[in-house]
Amino acid sequence: MAPSLDFSDWWAKETRKGTPVVVTMENPNYSLVEIDGPDAAFRPVDKDRGKNAKQHTWVLLLKAHRAVGCVTWLATMLWALLGAIKKRLILGQGVAMESEKSSKGRLLFKFIRGFLVLSLVVLVVDVVAHLKGWHYFENSNLHIPQTSEIQGWLHILYVAWLSFRANYIAPLIQSLSNFCVALFIIQSIDRMVLCIGCFWIKVKKIKPTIVGDPFKHEDVEKSYSDYPMILIQIPMCNEKEVYEQSISAVCQMDWPKDRFLIQVLDDSDDESIQWLIKGEVSKWNQRGINIIYRHRLVRTGYKAGNLKSAMNCDYVKGYEFVAIFDADFQPNPDFLKQTVPHFKDNPELGLVQARWAFVNKDENLLTRLQNINLCFHFEVEQQVNGIFLNFFGFNGTAGVWRIKALEDSGGWLERTTVEDMDIAVRAHLNGWKFIYLNDVKVLCEVPESYEAYRKQQHRWHSGPMQLFRLCLPAIITSKISFLKKANLILLFFLLRKLILPFYSFTLFCIILPLTMFVPEAELPIWVICYIPVFMSLLNILPAPRSFPFIVPYLLFENTMSVTKFNAMVSGLFQLGSSYEWVVTKKAGRASESDLLAAAERETKAMNHTQLHRGSSESELSELNKMKEHQEALTPAPVKKVNKIFRKELALAFLLLTASVRSLLSAQGVHFYFLLFQGVSFLLVGLDLIGEQMS
C-alpha cells in the first residue's frame, strides 16, 4: 500500500527545505518523477537555454532552407507559366482559338483590344514624361505648369493632354466610378442580409420537418396504397459518360415498384449513344423496374421541349408528382421518402428542392472555386429564400414538383434557356409555395474544364435576363403582394442577375485600369481591397475547407465577370447567343463509397436476375449485340485541345499594363491587385485554370 504523504506545506513555500527522502516500494504500479523544487514543473522554460552556437546555426539553416524552398516554388510556377505562354500563345501548340458566334462578343473584344492599344500608348507617353522629369501625374492633385515652365513643343502637347484629361475625362470616369461603387455597396448589403438570415436559421435550427411517419402502417397492403404515384424523369442529350450512373441510381429508389415510373428522355443525336441507353433501360426493365425509353425525332426547345413532350403522354395523367434528375445526378435510395412526405397535408406546396453535392469538387482549382460559389448559393441563398419567402429559383434538377402546380402555371415553355427559373417564377405568381431541404443532398458533377464552365455560365446569366423581359408584365399585373413583386423585380432579377455582373466587370476591369492612366479619378482602396475580401470571406463561410483559396476565389470571380457581363447583355437585348444551349460536358465521376455500393447492388441485382433468365435469353443476346456494336463504333480517344480565349487575354494584358503604370504613381495596393488580377486573366485566357492540381 502506498504511503500517504502531505505535500501541501512544500507547495506553500518558495524554497526547498529538509532532506530528500527516497521511498522504495515492491512492485510499484506508478512512476516516480524527481522534482528539484515545488514549482519546477510550472516555471516557464527558457527556449534558448542550453543552446550552443552550433544549434543556433542549424535553426538558421533550417529557416533559410524553408525560405529558399518557397522562392524555388514561386520560380517554378513562374517558369511553368512562361512555358505555357510560349507554347500556347507564341508557338500555338495544342491550342485552338475560341469561336465567337455573337456580334456582341466580337464587339466587346474589339472594345477591350482598342482600350489595350490606347493604354499602351498612354503608358509610353507617361514613361517618357517621367524620364524627362515631368512628374505632374503622380497624384490626384494635378499641377499644370505655367508658360515659363514649358520646355519645347513636346512638353506643350503633354501639358495640353493633362488639361484635357483633368477637365473632361476624369469627371466622367469619377461619375461612373461612384455609380458602380454605390451598386457594389447595395449588393454587398444584400449578401450580408442573406448571411444574417442563414445565421439566424442555424441558431434557431429552423428547417422543414415531417410530422410522424406517413408511410408506417400495420397493414402492408394499405401502406403501399398510401404511397403516391411518382413519375421520375431523366432528361439527357449525348450523355455517354454519365447515363449509366444516373439510371442505376434512380432505378434503386426505395419506393414500391408499382408506385413509380421512370422516363429516360433521350435527345441524343448520336446513334451509338442511343443504343447504349436503350440497352441500359432494357436491363433494368428485365429486373422488374417500370422504366421507359423515349426518344424525340425532332429536338426542339432543348430540355424544356423534352420535358413538355414527355408530360403530354397519356399514361402520365395518373401520377401526382414528378421528380426530375439531370443525367449526372445520383440520388440516394431514400430520396423520395425524404422529399415527397412534405407534400402531405400541404396543398399549397408546389416544389420540394434538394441540395446538390459534388463528387469532383477537389479535382482541380476550377472545381474548388465552383464549389465555393455553389455552397453559398445552396446554403445561404436557397435556404434563406425558402424559409422566409417560400420562393427561390428551381435548380432544374434534384427536385419534386406537384404535377398540378406545373399544369396551373402553364407547363414547360420553350421561350428561354432557363426553363427551370421560368416555371418557378410562373408558379410563384400563381400562389404556389416552395420548400428547400438543405439536409437532402444529391451527388452530381461540376464542369472540370474552363470551356465547359464558361458555356454553362453564359447560359445561366443570359437566360435570366431573357426571362426578365418576358415576365416583367406578368409580374406587375399579378395578384401577389407588393413586397413579393418588389422582391422578384428588384432583388431576384435586377440586383442578383443584372447589377452584379455589370458592376463587377465595369468596376474591376474597366474603371480600375482607367484610374491608373487618369489619376485625377480616384478609386478608394476600401473598394479595391477591404470590401471584396470581406465579401469573399462571407461567401466562403458555407465551405470552410476552402479558406486557403480565398485569394484565387476573389480573383477568379472578377475574371468571370467578363463572361457574365457579355451573357447578361446578350440576354437583355435578345442577341443571337442568348438562345444558345450547349450541353455541359461531364466526366462521369463517382465517389469511392458510391462505386462500392453500386458494385454491391449490381451483384445482388444480377443474382436476382438469374432466377428469370430462362424467359429472356433472346433479349440478353440482343443486349450483347448492342454492346458489341457500340464497341465497334467507339472512336479512338481524341487528344485534348486547349482553347485560347481572346477577351480574357486582352484584359490580362490591359491589367498588367495598368499595373506597370501604377508603379509610376507609387500605388502599392493598386499594383499588387492589378498584377494578380492580370495573372488570373492570363491563366484563364490560356485555358490553364482547369489543369490538374492536387
# chains A, B, ... in the order shown; residues from 1 in each chain; ligands from 1
>>> residues_around(residues="Ser409 (chain A)", least_positions_apart="3", cutoff="8 Å", atoms="only C-alpha atoms", output="list in words")
Ala405, Leu406, Ile423, Arg426, Ala427 and Asn430 of chain A
>>> select_by_dssp(residues="region 125-374 of chain A", states="helix (DSSP H, G or I)", output="PyMOL selection string")
chain A and resi 125-131+147-149+153-204+220-226+243-251+257-259+271-286+302-311+314-318+335-343+365-374
>>> residues_around(residues="Val264 (chain A)", least_positions_apart="6", cutoff="7 Å", atoms="only C-alpha atoms", output="MDAnalysis selection string")
chainID A and resid 233:235 292:294
>>> atom_distance(atom1="CA of Leu490 (chain A)", atom2="CA of Leu472 (chain A)")
11.2 Å
>>> closest_residue(among="A:Phe184, A:Phe392, A:Ala398, A:Lys441", to="Val359 (chain A)", atoms="only C-alpha atoms")
A:Lys441
>>> atom_distance(atom1="CA of Leu366 (chain A)", atom2="CA of Phe645 (chain A)")
16.0 Å
>>> closest_residue(among="A:Val583, A:Leu507, A:Leu538, A:Cys444", to="Ser268 (chain A)", atoms="only C-alpha atoms")
A:Val583
>>> closest_residue(among="A:Leu654, A:Val380, A:Ala323, A:Leu664", to="Leu131 (chain A)", atoms="only C-alpha atoms")
A:Leu664
>>> residues_around(residues="Met192 (chain A)", least_positions_apart="3", cutoff="12 Å", atoms="only C-alpha atoms", output="JSON, numbers by chain")
{"A": [185, 186, 187, 188, 189, 195, 196, 197, 198, 199, 380, 381, 384, 531, 534, 535, 536, 537, 538, 539, 541]}
>>> residues_around(residues="region 371-375 of chain A", least_positions_apart="2", cutoff="8 Å", atoms="only C-alpha atoms", output="list in words")
Phe358, Lys361, Thr367, Arg368, Leu369, His377, Phe378, Glu379, Val380, Asn539, Ile540, Pro542, Ala543 and Ser546 of chain A
>>> write_last_selection(atoms="N, CA, C and O atoms", output="short mmCIF file (atom, residue, chain, number, x, y, z; two decimals), in the first residue's frame")
data_model
loop_
_atom_site.label_atom_id
_atom_site.label_comp_id
_atom_site.auth_asym_id
_atom_site.auth_seq_id
_atom_site.Cartn_x
_atom_site.Cartn_y
_atom_site.Cartn_z
N PHE A 358 -21.14 17.49 -54.69
CA PHE A 358 -20.29 17.33 -55.87
C PHE A 358 -19.22 16.26 -55.63
O PHE A 358 -18.46 16.34 -54.66
N LYS A 361 -15.43 17.89 -56.56
CA LYS A 361 -15.15 19.26 -56.10
C LYS A 361 -13.66 19.48 -55.84
O LYS A 361 -13.21 20.63 -55.85
N THR A 367 -12.73 23.40 -60.07
CA THR A 367 -13.84 22.75 -59.36
C THR A 367 -13.91 23.22 -57.91
O THR A 367 -15.00 23.33 -57.34
N ARG A 368 -12.76 23.51 -57.30
CA ARG A 368 -12.78 24.02 -55.92
C ARG A 368 -13.43 25.40 -55.85
O ARG A 368 -14.19 25.69 -54.92
N LEU A 369 -13.14 26.24 -56.83
CA LEU A 369 -13.72 27.58 -56.84
C LEU A 369 -15.22 27.52 -57.12
O LEU A 369 -16.00 28.29 -56.55
N HIS A 377 -24.61 29.45 -52.70
CA HIS A 377 -25.93 29.51 -53.34
C HIS A 377 -26.94 28.63 -52.61
O HIS A 377 -28.06 29.07 -52.33
N PHE A 378 -26.55 27.40 -52.29
CA PHE A 378 -27.49 26.48 -51.66
C PHE A 378 -27.63 26.74 -50.17
O PHE A 378 -28.75 26.78 -49.64
N GLU A 379 -26.50 26.90 -49.48
CA GLU A 379 -26.54 27.05 -48.02
C GLU A 379 -27.18 28.36 -47.60
O GLU A 379 -27.90 28.40 -46.59
N VAL A 380 -26.93 29.42 -48.36
CA VAL A 380 -27.39 30.74 -47.95
C VAL A 380 -28.59 31.19 -48.78
O VAL A 380 -29.70 31.38 -48.25
N ASN A 539 -18.70 34.63 -48.51
CA ASN A 539 -19.03 33.60 -49.50
C ASN A 539 -18.41 32.26 -49.17
O ASN A 539 -18.97 31.21 -49.50
N ILE A 540 -17.26 32.28 -48.51
CA ILE A 540 -16.54 31.03 -48.23
C ILE A 540 -17.05 30.38 -46.94
O ILE A 540 -16.80 29.18 -46.72
N PRO A 542 -19.87 29.05 -45.97
CA PRO A 542 -20.54 27.74 -46.10
C PRO A 542 -19.60 26.61 -46.51
O PRO A 542 -19.98 25.44 -46.40
N ALA A 543 -18.40 26.93 -46.99
CA ALA A 543 -17.42 25.91 -47.37
C ALA A 543 -16.11 26.20 -46.64
O ALA A 543 -15.15 26.68 -47.25
N SER A 546 -12.47 25.62 -47.78
CA SER A 546 -11.96 26.36 -48.93
C SER A 546 -11.29 27.67 -48.55
O SER A 546 -10.95 28.46 -49.44
#
>>> residues_around(residues="region 328-334 of chain A", least_positions_apart="4", cutoff="8 Å", atoms="only C-alpha atoms", output="list in words")
Val242, Tyr243, Gln245, Ser246, Ala249, Val250, Gln252, Met253, Asp254, Gln338, Ala398, Lys441, Val442, Leu443, Cys444, Glu445, Lys586 and Gly588 of chain A
>>> write_last_selection(atoms="N, CA, C and O atoms", output="compact mmCIF listing (two decimals), in the first residue's frame")
# COMPACT_ATOMS: atom_id res chain seq x y z
N VAL A 242 -22.23 9.57 -68.30
CA VAL A 242 -22.93 9.54 -67.02
C VAL A 242 -24.28 8.84 -67.04
O VAL A 242 -24.89 8.66 -65.99
N TYR A 243 -24.76 8.43 -68.21
CA TYR A 243 -26.13 7.90 -68.28
C TYR A 243 -26.30 6.67 -67.40
O TYR A 243 -27.35 6.48 -66.76
N GLN A 245 -24.76 5.77 -64.58
CA GLN A 245 -24.80 6.06 -63.15
C GLN A 245 -26.16 6.60 -62.73
O GLN A 245 -26.73 6.18 -61.71
N SER A 246 -26.70 7.55 -63.51
CA SER A 246 -27.97 8.16 -63.13
C SER A 246 -29.11 7.16 -63.22
O SER A 246 -29.96 7.08 -62.32
N ALA A 249 -28.87 4.71 -60.30
CA ALA A 249 -29.24 5.28 -59.00
C ALA A 249 -30.75 5.46 -58.90
O ALA A 249 -31.35 5.16 -57.86
N VAL A 250 -31.39 5.94 -59.95
CA VAL A 250 -32.84 6.19 -59.91
C VAL A 250 -33.61 4.87 -59.84
O VAL A 250 -34.64 4.78 -59.15
N GLN A 252 -32.91 2.31 -58.27
CA GLN A 252 -32.79 1.68 -56.97
C GLN A 252 -33.43 2.52 -55.86
O GLN A 252 -33.05 2.42 -54.70
N MET A 253 -34.42 3.32 -56.24
CA MET A 253 -35.16 4.11 -55.26
C MET A 253 -35.92 3.20 -54.30
O MET A 253 -36.48 2.18 -54.70
N ASP A 254 -35.93 3.59 -53.03
CA ASP A 254 -36.67 2.85 -52.01
C ASP A 254 -38.13 3.31 -52.05
O ASP A 254 -38.56 4.15 -51.27
N GLN A 338 -37.62 11.19 -48.35
CA GLN A 338 -37.22 12.41 -47.65
C GLN A 338 -37.88 13.66 -48.22
O GLN A 338 -37.88 14.71 -47.57
N ALA A 398 -32.96 17.52 -59.28
CA ALA A 398 -32.95 17.16 -57.85
C ALA A 398 -34.12 17.80 -57.11
O ALA A 398 -33.98 18.23 -55.97
N LYS A 441 -29.16 15.72 -49.90
CA LYS A 441 -28.14 16.03 -50.91
C LYS A 441 -28.15 14.97 -52.02
O LYS A 441 -28.32 13.78 -51.75
N VAL A 442 -27.94 15.46 -53.23
CA VAL A 442 -27.89 14.58 -54.41
C VAL A 442 -26.54 14.81 -55.09
O VAL A 442 -26.17 15.94 -55.40
N LEU A 443 -25.81 13.71 -55.31
CA LEU A 443 -24.49 13.80 -55.91
C LEU A 443 -24.58 14.17 -57.38
O LEU A 443 -25.46 13.69 -58.10
N CYS A 444 -23.64 15.01 -57.82
CA CYS A 444 -23.57 15.40 -59.23
C CYS A 444 -22.15 15.87 -59.52
O CYS A 444 -21.25 15.71 -58.69
N GLU A 445 -21.95 16.44 -60.70
CA GLU A 445 -20.64 16.92 -61.11
C GLU A 445 -20.68 18.42 -61.37
O GLU A 445 -21.72 18.98 -61.71
N LYS A 586 -19.56 16.28 -69.22
CA LYS A 586 -19.39 15.56 -67.96
C LYS A 586 -18.20 14.61 -68.06
O LYS A 586 -17.79 14.20 -69.14
N GLY A 588 -18.20 11.84 -65.77
CA GLY A 588 -18.68 10.54 -65.31
C GLY A 588 -18.00 10.05 -64.06
O GLY A 588 -17.73 8.86 -63.90
